[in-house]
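Here's target.cif, which has mmCIF, C-alpha atoms and all ligand atoms:
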```
data_upload
#
loop_
_atom_site.label_atom_id
_atom_site.label_comp_id
_atom_site.auth_asym_id
_atom_site.auth_seq_id
_atom_site.Cartn_x
_atom_site.Cartn_y
_atom_site.Cartn_z
CA MET A 127 28.30 41.56 13.90
CA ARG A 128 26.76 38.08 13.58
CA SER A 129 25.11 36.80 16.73
CA THR A 130 26.15 33.42 18.09
CA GLU A 131 23.46 33.45 20.75
CA GLY A 132 22.05 30.00 21.45
CA SER A 133 25.14 28.20 20.24
CA THR A 134 27.37 26.49 22.76
CA SER A 135 30.12 25.70 20.26
CA GLY A 136 30.70 29.24 19.17
CA LEU A 137 29.27 28.47 15.71
CA PRO A 138 26.26 30.34 14.48
CA PRO A 139 22.99 28.45 15.05
CA PHE A 140 21.89 26.28 12.13
CA PRO A 141 19.70 28.23 9.78
CA ASN A 142 16.29 26.53 9.77
CA ALA A 143 16.48 25.26 6.20
CA ILE A 144 19.83 23.54 6.70
CA GLU A 145 18.60 22.00 9.94
CA ARG A 146 15.48 20.67 8.21
CA VAL A 147 17.48 19.08 5.39
CA TRP A 148 19.98 17.65 7.88
CA LYS A 149 17.19 16.07 9.91
CA ARG A 150 15.81 14.48 6.76
CA VAL A 151 19.21 13.04 5.89
CA LEU A 152 19.62 11.66 9.43
CA GLY A 153 16.12 10.20 9.22
CA LEU A 154 16.99 8.44 5.97
CA VAL A 155 20.22 7.05 7.37
CA SER A 156 18.45 5.60 10.40
CA ASN A 157 15.52 4.40 8.27
CA PRO A 158 16.53 4.00 4.61
CA LEU A 159 12.98 3.07 3.63
CA ALA A 160 11.61 6.41 4.83
CA ARG A 161 10.70 8.78 2.03
CA ILE A 162 11.96 12.32 2.10
CA GLU A 163 9.19 14.71 2.96
CA GLN A 164 8.70 17.32 0.28
CA ASP A 165 6.37 20.00 -0.93
CA CYS A 166 3.54 18.80 -3.16
CA LEU A 167 4.65 19.07 -6.79
CA LEU A 168 1.25 20.33 -7.90
CA CYS A 169 0.08 22.78 -5.22
CA ALA A 170 3.33 23.34 -3.26
CA SER A 171 1.64 22.71 0.08
CA PRO A 172 4.49 21.94 2.45
CA ALA A 173 5.96 18.75 3.91
CA GLN A 174 4.10 15.96 2.19
CA ARG A 175 5.04 12.33 2.65
CA GLU A 176 4.29 11.68 -1.02
CA ILE A 177 5.38 13.81 -3.94
CA VAL A 178 1.72 14.72 -4.56
CA CYS A 179 -0.51 15.63 -1.59
CA GLU A 180 -3.72 13.71 -0.83
CA ALA A 181 -5.98 16.51 -2.07
CA CYS A 182 -4.18 16.78 -5.43
CA GLU A 183 -4.05 13.00 -5.77
CA ALA A 184 -7.82 12.83 -5.38
CA ASP A 185 -8.09 15.25 -8.33
CA LEU A 186 -5.83 13.24 -10.67
CA PRO A 187 -7.74 11.90 -13.70
CA ARG A 188 -8.03 8.21 -12.80
CA LEU A 189 -9.29 5.96 -15.57
CA SER A 190 -11.87 4.40 -13.30
CA GLU A 191 -14.75 3.71 -15.67
CA ALA A 192 -15.29 0.43 -17.49
CA CYS A 193 -12.70 -0.05 -20.23
CA CYS A 194 -12.10 -2.37 -23.15
CA PRO A 195 -9.88 -5.15 -21.77
CA ARG A 196 -7.74 -5.10 -24.89
CA CYS A 197 -6.99 -1.43 -25.58
CA ALA A 198 -7.83 0.16 -22.19
CA LEU A 199 -10.15 2.78 -23.68
CA PRO A 200 -13.50 3.45 -22.00
CA SER A 201 -16.11 1.02 -23.32
CA PRO A 202 -19.71 0.35 -22.18
CA GLU A 203 -19.74 -2.25 -19.38
CA GLY A 204 -16.09 -2.99 -20.07
CA ARG A 205 -16.85 -4.95 -23.24
CA LEU A 206 -14.33 -5.55 -26.01
CA CYS A 207 -14.68 -2.44 -28.18
CA GLY A 208 -15.62 -2.43 -31.85
CA ARG A 209 -12.16 -1.46 -32.99
CA CYS A 210 -10.52 -4.34 -31.13
CA LEU A 211 -13.17 -6.75 -32.45
CA ALA A 212 -12.49 -5.61 -36.02
CA LYS A 213 -8.70 -5.49 -35.77
CA PRO A 214 -7.19 -7.07 -32.67
CA SER A 215 -3.92 -5.59 -31.42
CA TYR A 216 -0.73 -7.64 -31.19
CA PHE A 217 -0.96 -7.45 -27.40
CA ASP A 218 -3.62 -9.47 -25.64
CA ALA A 219 -4.70 -7.03 -22.95
CA ALA A 220 -3.97 -3.53 -21.66
CA ARG A 221 -4.64 -1.49 -18.57
CA ALA A 222 -3.93 2.10 -17.49
CA VAL A 223 -4.07 3.90 -14.16
CA PHE A 224 -4.86 7.40 -15.45
CA ARG A 225 -6.18 9.33 -18.40
CA TYR A 226 -3.38 11.34 -19.98
CA GLU A 227 -4.91 14.70 -19.09
CA PHE A 228 -4.11 17.75 -17.02
CA PRO A 229 -2.52 17.80 -14.49
CA LEU A 230 -1.16 14.28 -14.87
CA ASP A 231 0.37 15.15 -18.26
CA LYS A 232 2.41 17.88 -16.55
CA LEU A 233 3.69 15.40 -13.95
CA VAL A 234 4.68 12.92 -16.68
CA GLN A 235 6.54 15.63 -18.60
CA SER A 236 8.29 16.66 -15.41
CA PHE A 237 9.30 13.02 -14.88
CA LYS A 238 10.58 12.49 -18.44
CA TYR A 239 12.03 15.81 -19.46
CA GLY A 240 12.59 17.48 -16.07
CA HIS A 241 14.35 14.38 -14.71
CA ARG A 242 12.15 14.20 -11.63
CA LEU A 243 13.09 10.61 -10.95
CA ALA A 244 11.31 10.64 -7.59
CA LEU A 245 8.10 10.41 -9.63
CA ALA A 246 9.12 6.91 -10.80
CA GLY A 247 8.42 5.58 -7.31
CA TYR A 248 5.12 7.39 -7.01
CA PHE A 249 3.91 6.35 -10.47
CA GLY A 250 5.32 2.82 -10.24
CA ARG A 251 3.55 2.17 -6.94
CA ALA A 252 0.23 3.32 -8.46
CA MET A 253 0.74 0.93 -11.39
CA ALA A 254 1.74 -1.96 -9.11
CA ALA A 255 -1.33 -1.36 -6.93
CA LEU A 256 -3.63 -1.53 -9.96
CA GLY A 257 -2.23 -4.89 -11.05
CA PRO A 258 -1.70 -6.36 -14.52
CA PRO A 259 -4.53 -6.37 -17.08
CA GLY A 260 -7.02 -9.09 -16.26
CA GLY A 261 -5.31 -9.86 -12.95
CA GLU A 262 -4.85 -8.78 -9.36
CA ALA A 263 -1.95 -6.87 -7.83
CA ALA A 264 -1.74 -9.47 -5.05
CA THR A 265 -1.31 -12.37 -7.48
CA PRO A 266 0.09 -10.92 -10.72
CA SER A 267 -0.06 -13.76 -13.20
CA VAL A 268 2.90 -12.66 -15.31
CA ASP A 269 6.28 -14.36 -15.70
CA LEU A 270 8.28 -11.21 -16.33
CA VAL A 271 7.99 -7.50 -16.96
CA VAL A 272 9.68 -5.81 -19.93
CA PRO A 273 10.09 -2.03 -20.04
CA LEU A 274 9.45 -0.62 -23.51
CA PRO A 275 13.01 -0.10 -24.79
CA LEU A 276 14.36 3.24 -25.95
CA TYR A 277 16.72 3.47 -28.89
CA PRO A 278 20.28 3.65 -27.45
CA GLY A 279 20.88 7.13 -28.91
CA ARG A 280 17.75 8.48 -27.26
CA LEU A 281 18.70 6.79 -24.02
CA SER A 282 22.00 8.64 -23.93
CA ASP A 283 20.22 11.94 -24.78
CA ARG A 284 17.72 11.58 -21.95
CA GLY A 285 19.96 9.77 -19.50
CA PHE A 286 17.34 7.25 -18.42
CA ASN A 287 14.51 5.14 -19.76
CA GLN A 288 11.33 6.19 -17.96
CA SER A 289 9.72 2.80 -18.66
CA LEU A 290 12.62 0.98 -17.04
CA GLU A 291 12.36 3.16 -13.93
CA LEU A 292 8.63 2.34 -13.64
CA ALA A 293 9.23 -1.36 -14.35
CA LYS A 294 11.83 -1.60 -11.56
CA VAL A 295 9.28 -0.39 -9.00
CA ILE A 296 6.56 -2.73 -10.30
CA ALA A 297 8.83 -5.80 -10.52
CA SER A 298 10.03 -5.19 -6.99
CA ALA A 299 6.48 -4.74 -5.62
CA TRP A 300 5.23 -7.92 -7.31
CA LYS A 301 8.49 -9.90 -6.85
CA VAL A 302 8.49 -10.70 -10.56
CA PRO A 303 11.67 -10.74 -12.72
CA ILE A 304 12.40 -7.80 -15.01
CA ASP A 305 14.04 -8.22 -18.40
CA SER A 306 15.48 -5.06 -19.90
CA GLU A 307 18.27 -6.72 -21.88
CA ARG A 308 16.79 -9.13 -24.37
CA CYS A 309 14.27 -6.83 -25.97
CA ALA A 310 15.87 -3.96 -27.88
CA ARG A 311 14.88 -1.07 -30.08
CA ILE A 312 16.96 -1.66 -33.19
CA ARG A 313 15.73 1.19 -35.34
CA ASP A 314 15.64 4.86 -34.46
CA THR A 315 12.39 6.49 -35.47
CA PRO A 316 11.04 10.02 -35.24
CA ALA A 317 9.44 10.50 -31.82
CA GLN A 318 5.90 9.16 -32.02
CA ALA A 319 4.64 12.32 -30.32
CA ASP A 320 5.82 14.38 -33.33
CA LEU A 321 3.74 12.42 -35.83
CA PRO A 322 0.04 12.44 -36.70
CA TRP A 323 -1.73 9.40 -35.22
CA LYS A 324 -2.24 7.79 -38.64
CA GLU A 325 1.49 7.72 -39.38
CA ARG A 326 2.60 6.24 -36.07
CA LYS A 327 2.07 2.59 -36.97
CA GLY A 328 4.23 2.74 -40.11
CA ASN A 329 6.88 4.75 -38.30
CA ILE A 330 7.42 2.09 -35.66
CA ARG A 331 7.26 -1.02 -37.91
CA ASN A 332 10.06 -3.53 -37.18
CA ALA A 333 11.63 -1.21 -34.62
CA PHE A 334 12.03 -3.92 -31.95
CA LEU A 335 13.93 -7.18 -31.75
CA CYS A 336 13.47 -9.64 -28.91
CA SER A 337 15.84 -12.56 -28.57
CA GLY A 338 16.30 -15.22 -25.96
CA GLU A 339 13.98 -17.22 -23.82
CA PHE A 340 10.48 -15.82 -24.12
CA ALA A 341 8.93 -19.11 -25.30
CA GLY A 342 5.66 -19.86 -23.51
CA LYS A 343 6.07 -16.87 -21.17
CA ARG A 344 3.41 -14.42 -20.00
CA VAL A 345 5.12 -11.07 -20.59
CA LEU A 346 3.96 -7.66 -19.40
CA ILE A 347 5.22 -4.57 -21.25
CA ILE A 348 5.55 -1.45 -19.09
CA ASP A 349 5.35 2.06 -20.53
CA ASP A 350 4.48 5.53 -19.31
CA VAL A 351 1.89 6.75 -21.83
CA MET A 352 -0.09 4.85 -24.46
CA THR A 353 -1.52 6.97 -27.25
CA THR A 354 -2.33 4.93 -30.36
CA GLY A 355 -0.72 1.79 -28.95
CA ALA A 356 1.53 1.52 -32.04
CA SER A 357 4.81 1.31 -30.08
CA VAL A 358 3.68 -1.25 -27.50
CA GLY A 359 1.87 -3.14 -30.28
CA GLU A 360 5.05 -3.46 -32.31
CA CYS A 361 7.02 -4.51 -29.23
CA ALA A 362 4.32 -7.11 -28.48
CA ARG A 363 4.65 -8.41 -32.06
CA ALA A 364 8.41 -8.88 -31.54
CA LEU A 365 7.81 -10.67 -28.21
CA LYS A 366 5.26 -12.99 -29.85
CA ARG A 367 7.74 -13.75 -32.62
CA ALA A 368 10.20 -14.70 -29.88
CA GLY A 369 7.63 -17.17 -28.57
CA ALA A 370 5.77 -15.29 -25.82
CA ALA A 371 2.44 -17.01 -25.08
CA TRP A 372 0.67 -13.88 -23.83
CA VAL A 373 1.66 -10.23 -23.94
CA GLY A 374 -0.09 -7.66 -21.79
CA VAL A 375 0.52 -3.93 -21.44
CA LEU A 376 0.43 -1.85 -18.27
CA VAL A 377 0.79 1.90 -18.70
CA LEU A 378 0.64 4.80 -16.34
CA ALA A 379 -1.67 6.83 -18.55
CA ARG A 380 -3.91 6.33 -21.58
CA ALA A 381 -4.40 9.19 -24.02
CA LEU A 382 -8.01 9.25 -25.12
CA PRO A 383 -8.84 9.91 -28.78
CA LYS A 384 -10.97 12.99 -29.40
CA ARG A 385 -14.15 10.96 -29.88
CA LEU A 386 -13.90 9.80 -26.24
CA GLN A 387 -12.60 12.94 -24.59
CA ALA A 388 -16.00 14.44 -23.91
CA ALA A 389 -17.25 11.25 -22.24
CA PRO A 390 -18.18 11.73 -18.58
ZN ZN B 1 -1.09 19.23 -3.61
ZN ZN B 2 -10.54 -1.96 -27.47
#
```
Take the structure in the file and write it out as C-alpha cells.
Amino acid sequence: MRSTEGSTSGLPPFPNAIERVWKRVLGLVSNPLARIEQDCLLCASPAQREIVCEACEADLPRLSEACCPRCALPSPEGRLCGRCLAKPSYFDAARAVFRYEFPLDKLVQSFKYGHRLALAGYFGRAMAALGPPGGEAATPSVDLVVPLPLYPGRLSDRGFNQSLELAKVIASAWKVPIDSERCARIRDTPAQADLPWKERKGNIRNAFLCSGEFAGKRVLIIDDVMTTGASVGECARALKRAGAAWVGVLVLARALPKRLQAAP
C-alpha cells in the first residue's frame, strides 16, 4: 500500500523531481527573466544557471588570438591576411567568437539539428558581448542586423532559422533593429556542408535577393558558422547591390582551414 505519510491533504507527497520542476515553473512565473536551471549540456554536472557550466565554458575553443579583420582567420598581429589583400571579400569585416572545433561543434549541431533552442540565448549573448567587427558591444555601430536567410523549403524542414534565433538575441541586447524580411534566399542549393570547399562559391552564386531600404546603411549579417565565407559573401554582395554602405559579418564560430588548424 502506498504511504501518504507527510501529506496533510491525503495525496501522496510530491516526488522530488516533480517538486523541483514545479518550483522552477513557479520561479519563472514570479520572475520571467530568470533562466531555468539545468544540467550542463557537456558534462551533465547538475543545476547550472547557464546551459554550459563555468568549467566547460572555460574549455570552449575561443578564437582569442589576433585575427584578420576581414575574414576572421588567425593572422599575425591581426593584420589583413594575404588572401584578403589579394582578393577582398564582398563583406567589409568579420568576427567570430569561437573556433568551430570540439566540443563547440557538438553544441552547434545540437542547436541546429537537435532543436536545442535554449542554446540560441547562450550563443547569442556570447556574440552580443563580443560586439560587431571593428566595434564595441557597448556602442555597436551598425544600423541593422540581418540573419543569413534559409531557403523557405529548408526552413520548413528544420522548423527554424538558427541565424534568426541568434540575431534576435543580439538585436535585443544591442537595441538595434533586425530585418529578416527584405533579404531572401531565392535559390535552393545543395547544403554547403555537403560540398568540397572549392565548389561552395559557385554553388551559392546569386542565391540571395535583397530589396528595400538598405541604401547607405551599415548592415551586420549574423550566422552560426562560417567556413569558406561563400554564403555570407554572396549575401553581402546582394546587400551591397541594394545599396548597403558597409556590410559586416558576426558569426558564432569560424571553421579554420587545415593550414591553420595546427596553429597554437
Ligand atoms: Zn560542464
Ligand atoms: Zn583575411
Close residues to ligand ZN 1 (chain B) using only C-alpha atoms and all ligand atoms, limit 10 Å, as JSON, numbers by chain
{"A": [165, 166, 167, 168, 169, 170, 171, 172, 174, 176, 177, 178, 179, 180, 181, 182, 183, 184, 185]}
Closest to Leu365 in chain A among A:Cys194, A:Leu346, A:Ala220, A:Ala246, using only C-alpha atoms?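 That would be A:Leu346, the residue with the smallest distance to Leu365 in chain A.
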* **Polymer residues at most 12 Å from Gly204 in chain A, only C-alpha atoms, same-chain spacing of 5 or more positions, as number ranges by chain** => A: 190-199, 221, 260
Output of the above residues as a PDB file, in the coordinates of the input, restricted to C-alpha atoms:
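Output contents, as saved in out23.pdb:
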```pdb
ATOM      1  CA  SER A 190     -11.870   4.400 -13.300  1.00  0.00           C
ATOM      2  CA  GLU A 191     -14.750   3.710 -15.670  1.00  0.00           C
ATOM      3  CA  ALA A 192     -15.290   0.430 -17.490  1.00  0.00           C
ATOM      4  CA  CYS A 193     -12.700  -0.050 -20.230  1.00  0.00           C
ATOM      5  CA  CYS A 194     -12.100  -2.370 -23.150  1.00  0.00           C
ATOM      6  CA  PRO A 195      -9.880  -5.150 -21.770  1.00  0.00           C
ATOM      7  CA  ARG A 196      -7.740  -5.100 -24.890  1.00  0.00           C
ATOM      8  CA  CYS A 197      -6.990  -1.430 -25.580  1.00  0.00           C
ATOM      9  CA  ALA A 198      -7.830   0.160 -22.190  1.00  0.00           C
ATOM     10  CA  LEU A 199     -10.150   2.780 -23.680  1.00  0.00           C
ATOM     11  CA  ARG A 221      -4.640  -1.490 -18.570  1.00  0.00           C
ATOM     12  CA  GLY A 260      -7.020  -9.090 -16.260  1.00  0.00           C
TER      13      GLY A 260
END
```
| said: Nearest residue to ligand ZN 2 (chain B) out of A:Leu189, A:Cys309, A:Val351, A:Cys210, using all atoms listed in the file? | reply: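 Ranked by minimum distance to ligand ZN 2 (chain B), first place goes to A:Cys210.
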For ligand ZN 2 (chain B), which residue among A:Gly285, A:Gly342, A:Pro202, A:Gly208 is the nearest when counting all atoms listed in the file?
->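 Of all the options, A:Gly208 lies closest to ligand ZN 2 (chain B).
Compared by their closest atoms to ligand ZN 2 (chain B), and using only C-alpha atoms and all ligand atoms, the residues A:Pro187, A:Gly355, A:Gly261, A:Gly250 rank with A:Gly355 nearest.
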Closest of A:Val373, A:Val272, A:Leu382, A:Ala341 to ligand ZN 2 (chain B), counting all atoms listed in the file, is A:Leu382
Item checked: A:Met352, A:Leu276, A:Ala371, A:Val234 ranked by distance to Phe340 in chain A, top pick (using only C-alpha atoms) ->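 Nearest candidate to Phe340 in chain A out of A:Met352, A:Leu276, A:Ala371, A:Val234: A:Ala371.
The space separating CA of Leu245 in chain A from CA of Gln288 in chain A comes to 9.9 Å.
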Checklist entry - Between CA of Cys336 in chain A and CA of Val223 in chain A, what is the distance, to one decimal in Å? => result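 Between CA of Cys336 in chain A and CA of Val223 in chain A the gap is 26.6 Å.
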- prompt: Using all atoms listed in the file, what residues lie at most 12 Å away from (8.4, -5.9, -2.2) (file coordinates), given as a list in words?
  reply: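 Here the neighbourhood of the point contains Leu159, Arg251, Ala254, Ala255, Ala263, Ala264, Lys294, Val295, Ile296, Ala297, Ser298, Ala299, Trp300, Lys301 and Val302 of chain A.
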Answer as a list of chain:residue names, residues within 10 Å of (13.9, -1.0, -21.8) using only C-alpha atoms: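 Output of the proximity query reads A:Val272, A:Pro273, A:Leu274, A:Pro275, A:Leu276, A:Tyr277, A:Pro278, A:Leu281, A:Phe286, A:Asn287, A:Gln288, A:Ser289, A:Leu290, A:Glu291, A:Ala293, A:Ile304, A:Asp305, A:Ser306, A:Glu307, A:Arg308, A:Cys309, A:Ala310, A:Arg311, A:Ile347, A:Ile348, A:Asp349.
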Around all listed atoms of range 186-202 of chain A, padded 4 Å per side, what centre and edge lengths does the axis-aligned box have in Å to one decimal, as JSON?
```
{"center_x": -12.8, "center_y": 4.0, "center_z": -18.1, "size_x": 21.9, "size_y": 26.4, "size_z": 22.9}
```
Expressed in Å, the length from CA of Pro200 in chain A to CA of Pro259 in chain A is 14.2 Å
**OP:** Mind checking which residues fall within 7 Å of Arg380 in chain A, counting all atoms listed in the file, ignoring those fewer than 4 positions away in the same chain, and posting them as a ChimeraX atom specification?
**Re:** /A:222,224-226,351-353
Can those selected residues be exported to a file as an mmCIF file, keeping the file's coordinate frame so that it contains C-alpha atoms?
```cif
data_model
loop_
_atom_site.group_PDB
_atom_site.id
_atom_site.type_symbol
_atom_site.label_atom_id
_atom_site.label_comp_id
_atom_site.auth_asym_id
_atom_site.auth_seq_id
_atom_site.Cartn_x
_atom_site.Cartn_y
_atom_site.Cartn_z
ATOM 1 C CA ALA A 222 -3.930 2.100 -17.490
ATOM 2 C CA PHE A 224 -4.860 7.400 -15.450
ATOM 3 C CA ARG A 225 -6.180 9.330 -18.400
ATOM 4 C CA TYR A 226 -3.380 11.340 -19.980
ATOM 5 C CA VAL A 351 1.890 6.750 -21.830
ATOM 6 C CA MET A 352 -0.090 4.850 -24.460
ATOM 7 C CA THR A 353 -1.520 6.970 -27.250
#
```
As an mmCIF file with C-alpha atoms, in the frame of the given file, please: the residues near Leu233 in chain A (cut-off 9 Å, only C-alpha atoms, same-chain neighbours under 2 positions excluded).
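Resulting contents of out-v9.cif:
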```cif
data_model
loop_
_atom_site.group_PDB
_atom_site.id
_atom_site.type_symbol
_atom_site.label_atom_id
_atom_site.label_comp_id
_atom_site.auth_asym_id
_atom_site.auth_seq_id
_atom_site.Cartn_x
_atom_site.Cartn_y
_atom_site.Cartn_z
ATOM 1 C CA LEU A 167 4.650 19.070 -6.790
ATOM 2 C CA LEU A 168 1.250 20.330 -7.900
ATOM 3 C CA PHE A 228 -4.110 17.750 -17.020
ATOM 4 C CA PRO A 229 -2.520 17.800 -14.490
ATOM 5 C CA LEU A 230 -1.160 14.280 -14.870
ATOM 6 C CA ASP A 231 0.370 15.150 -18.260
ATOM 7 C CA GLN A 235 6.540 15.630 -18.600
ATOM 8 C CA SER A 236 8.290 16.660 -15.410
ATOM 9 C CA PHE A 237 9.300 13.020 -14.880
ATOM 10 C CA LYS A 238 10.580 12.490 -18.440
ATOM 11 C CA ARG A 242 12.150 14.200 -11.630
ATOM 12 C CA LEU A 245 8.100 10.410 -9.630
#
```
